[in-house]
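Inspection log for the structure reproduced underneath, given as structure tokens.
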Amino acid sequence: MDCDEVNGWKVMNFWTRNLILLSILISVSFFAKPVLSADTNTVSSTVVTDKSVPTANAPSVVVNNSDICKTAASSAVQTQILGIATGITITDENCERIKLSRSLYSMGMKVAAVSLLSDDPRVFDAMIMAGTPPPINGKIGAEALEEWKLNTHLIPEGSKVFKKEKIVKSKEQVDSEKEFAKFVMAAMALYIGFPILF
């Protein structure tokens, strides 16, 4: 090969370079296969437009046993980016109370069964209104009613019978507090020496 030297570099001359390029072009065209195609230009394609995110399915929370006082709840939320699903069981306390009371009653512990049921304010009020107060601290009947009046903090929250009694007592308390305030003012006035008419 003929090479010229330019600034210390060996460079091919014009004819040598063109001869190499021509030989590469002929070899590519010789080994290339012809493309067979139809006379028409038909384009066939399938466009997929369903690119949504999979949905968040709410889980199934199964409570099969009929002796369990629980219910199931589940929910799911899905956005374009994030999906959240959850499931819980909810305890029915009234159902538990009834089942426990039945168990106590079947074992012969009738007073304990009634006492357990009276934790519900509706049962408590019904028993008070019927004249059979729920048992408390081992006492039944009239003794139990007196015990309930002494221990009002043990009354189930939501009781309507004792709520009315508390309102009456609170009005009496407010009146007695007003009377006490008047007494204190009068005592202070007399102590200071100002006659104040009440």
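Please note that chains go A, B, ... in the order of the structure tokens, that every chain numbers its residues from 1, and that ligands are numbered from 1 in the order shown.
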
_range 72-77 of chain A surroundings by only C-alpha atoms, 7 Å radius, close-in-sequence under 5 positions cut, as a VMD selection string_ = chain A and resid 56 to 63 83 to 90

Mind dumping the selected residues with C-alpha atoms as a compact mmCIF listing (two decimals), in the first residue's frame?
# COMPACT_ATOMS: atom_id res chain seq x y z
CA ALA A 56 -56.67 -3.84 44.74
CA ASN A 57 -59.09 -6.60 45.70
CA ALA A 58 -60.56 -6.54 49.19
CA PRO A 59 -59.51 -9.66 51.09
CA SER A 60 -62.18 -12.08 52.19
CA VAL A 61 -62.19 -12.39 55.96
CA VAL A 62 -63.99 -15.61 56.80
CA VAL A 63 -65.71 -16.18 60.12
CA GLY A 83 -53.71 0.23 45.75
CA ILE A 84 -54.43 -0.58 49.40
CA ALA A 85 -56.61 -3.40 50.76
CA THR A 86 -57.39 -4.34 54.36
CA GLY A 87 -59.65 -6.62 56.36
CA ILE A 88 -60.62 -6.81 60.05
CA THR A 89 -62.92 -8.67 62.39
CA ILE A 90 -65.32 -6.78 64.66

*Determine, counting only C-alpha atoms, which protein, DNA and RNA residues have an atom within 8 Å of an atom of Thr91 in chain A; residues of the same chain fewer than 3 positions away are not included. Present the result as a VMD selection string.*
chain A and resid 69 to 71

*Name the residues in contact with range 126-143 of chain A at a cut-off of 12 Å, using only C-alpha atoms, excluding same-chain residues fewer than 2 positions from it; report them as a VMD selection string.*
chain A and resid 110 to 124 145 to 152 154 to 156 159 to 162

*What residues in range 109-170 of chain A get the DSSP label helix (DSSP H, G or I)? Please answer as a PyMOL selection string.*
chain A and resi 110-117+121-129+142-150+152-154+161-170

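Relative to CA of Ser101 in chain A, CA of Glu157 in chain A is found at 19.6 Å.
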